[in-house]
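Right, one structure below, let's go through it.
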Number of protein chains: 6
Amino acid sequence: MSNWLKSLQTDTPQEGYELAISLARKGVAYTQPNAEVREKLRPEYAENPDSLTFASQVIAIHFQTVAQANDYWKK
Amino acid sequence: MSNWLKSLQTDTPQEGYELAISLARKGVAYTQPNAEVREKLRPEYAENPDSLTFASQVIAIHFQTVAQANDYWKK
Amino acid sequence: MSNWLKSLQTDTPQEGYELAISLARKGVAYTQPNAEVREKLRPEYAENPDSLTFASQVIAIHFQTVAQANDYWKK
Amino acid sequence: MSNWLKSLQTDTPQEGYELAISLARKGVAYTQPNAEVREKLRPEYAENPDSLTFASQVIAIHFQTVAQANDYWKK
Amino acid sequence: MSNWLKSLQTDTPQEGYELAISLARKGVAYTQPNAEVREKLRPEYAENPDSLTFASQVIAIHFQTVAQANDYWKK
Amino acid sequence: MSNWLKSLQTDTPQEGYELAISLARKGVAYTQPNAEVREKLRPEYAENPDSLTFASQVIAIHFQTVAQANDYWKK
């Protein structure tokens, strides 16, 4: 894969949250590199409440990392 | 999405907990952006005990982040 | 909801553990605000070993937060 | 419940691990206070590999807390 | 059980990883102390992808603890 | 196994992320050492959305560790 992650620093908490989403999706993309297959699976989880919660959970774990990397945007 | 997350700082632990709930829900909303679909799924998880525990778990993960960002509201 | 979370500080580790239980339950209550429905679901998870482990897991995550907030009651 | 958790400090890492096990079990006991019911459920999870991994996971989360509380028994 | 955990300090990150594996397995062994039963369950999870991911997850949680205990083997 | 983990330090966040992927996969490989069996299981999880999210979750947990080990590549 090309250079997709240059820094964990973001200007705002919301950009940090969106970075966490990217990090979560990359974990899926590295495991299933075929974008067509991933696209095909989307309806299966996007309408399943537990799958959505699970996606949200992985984002939450990455958001911990990104928030810490930015000292919680305190300053 | 519009600017929905301006800061992780809150005045009280309870507001911090409620922010954690918002963060958990946003993870679902980014994955399933169709609000109508999300609404349709609600009864499915809101009456399933494990789904409720799962929702509570994601809140717990975000609450760790928010609590840390606020130095646990110690002062 | 009324003011239910005033502080993460507790006098003893056990009170901290019990606060973690409250935090875990609140995550369920915010997601399913109908107390009657929650009561109805109780037998379903209270006799299911994995559901019980899951409940215990969410408590464990919150206990990490509460313990940190209290500097592990070291002093 | 009586006073069952007086401190997170232990003399050795192994005692810390065993405290983590107690903390994980207490989470179950608070959720299902009937010891007879818990006993009845034991064969169901004790012979299910994923249930055992799940139990081990909750122990792992608590062990993080206990290890931190003891500064990893470095000294 | 005998004295199986004397320290969280290891010489190398790889030994730390292997200690994390031991910690994860001990969580199973404390919950199902019968080694014969555990052996019988092995084929059931060792050929199930989600069970393997689950085992890997518990290792990951313990590796966080062990890595922290060793200050990430920075020096 | 041979010496596969020499350091948690990486030059860039992306290399750190890729190390997290390796760490997640090693957890599977230690539990199921037969590479042929692992290969056989691949299609089963690589086309299952929840299995992919699960794989992504374990990566997320390891990425927390690796990011911390590198002080979030701040400098």
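Simple scheme: letters A, B, ... for chains in structure tokens order, numbers from 1 for residues in each chain, numbers from 1 for ligands in the order shown.
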Write out as a tab-separated table a residue-level contact list of chain D versus chain C with cut-off 6 Å: for each qualifying residue the closest pair of atoms and the distance in Å to one decimal, counting only C-alpha atoms, rows sorted by chain and residue number upward.
```
residue	atom	partner	partner_atom	distance
D:Leu5	CA	C:Gln14	CA	5.2
D:Gly27	CA	C:Ser56	CA	4.2
D:Val28	CA	C:Leu52	CA	5.4
D:Gln32	CA	C:Ala46	CA	5.6
D:Val58	CA	C:Gln57	CA	5.2
D:His62	CA	C:Ala60	CA	5.9
D:Thr65	CA	C:Gln64	CA	5.6
D:Ala69	CA	C:Tyr72	CA	5.4
```
For the residues in that selection, give me C-alpha atoms as a JSON list (two decimals), in the first residue's frame.
```json
[["chain", "number", "residue", "atom", "x", "y", "z"],
["D", 5, "LEU", "CA", -11.84, -5.73, 47.99],
["D", 27, "GLY", "CA", -18.55, -8.84, 37.88],
["D", 28, "VAL", "CA", -20.53, -11.98, 37.17],
["D", 32, "GLN", "CA", -26.21, -12.81, 38.78],
["D", 58, "VAL", "CA", -11.94, -10.15, 31.23],
["D", 62, "HIS", "CA", -8.45, -6.49, 35.11],
["D", 65, "THR", "CA", -5.51, -2.44, 36.15],
["D", 69, "ALA", "CA", -1.71, -0.32, 40.50]]
```
Item to check | Per-residue DSSP, chain B, filtered to alpha helix (DSSP H), as an MDAnalysis selection string | outcome: chainID B and resid 13:31 35:46 49:69
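The coordinates place atom CA of Trp4 of chain B at 9.8 Å from atom CA of Leu23 of chain B.
Interatomic distance, atom CA of Lys75 of chain D against atom CA of Gln9 of chain E: 10.8 Å.
Taking atom CA of Ala35 of chain B and atom CA of Tyr30 of chain A as the two end points, the separation is 28.9 Å.
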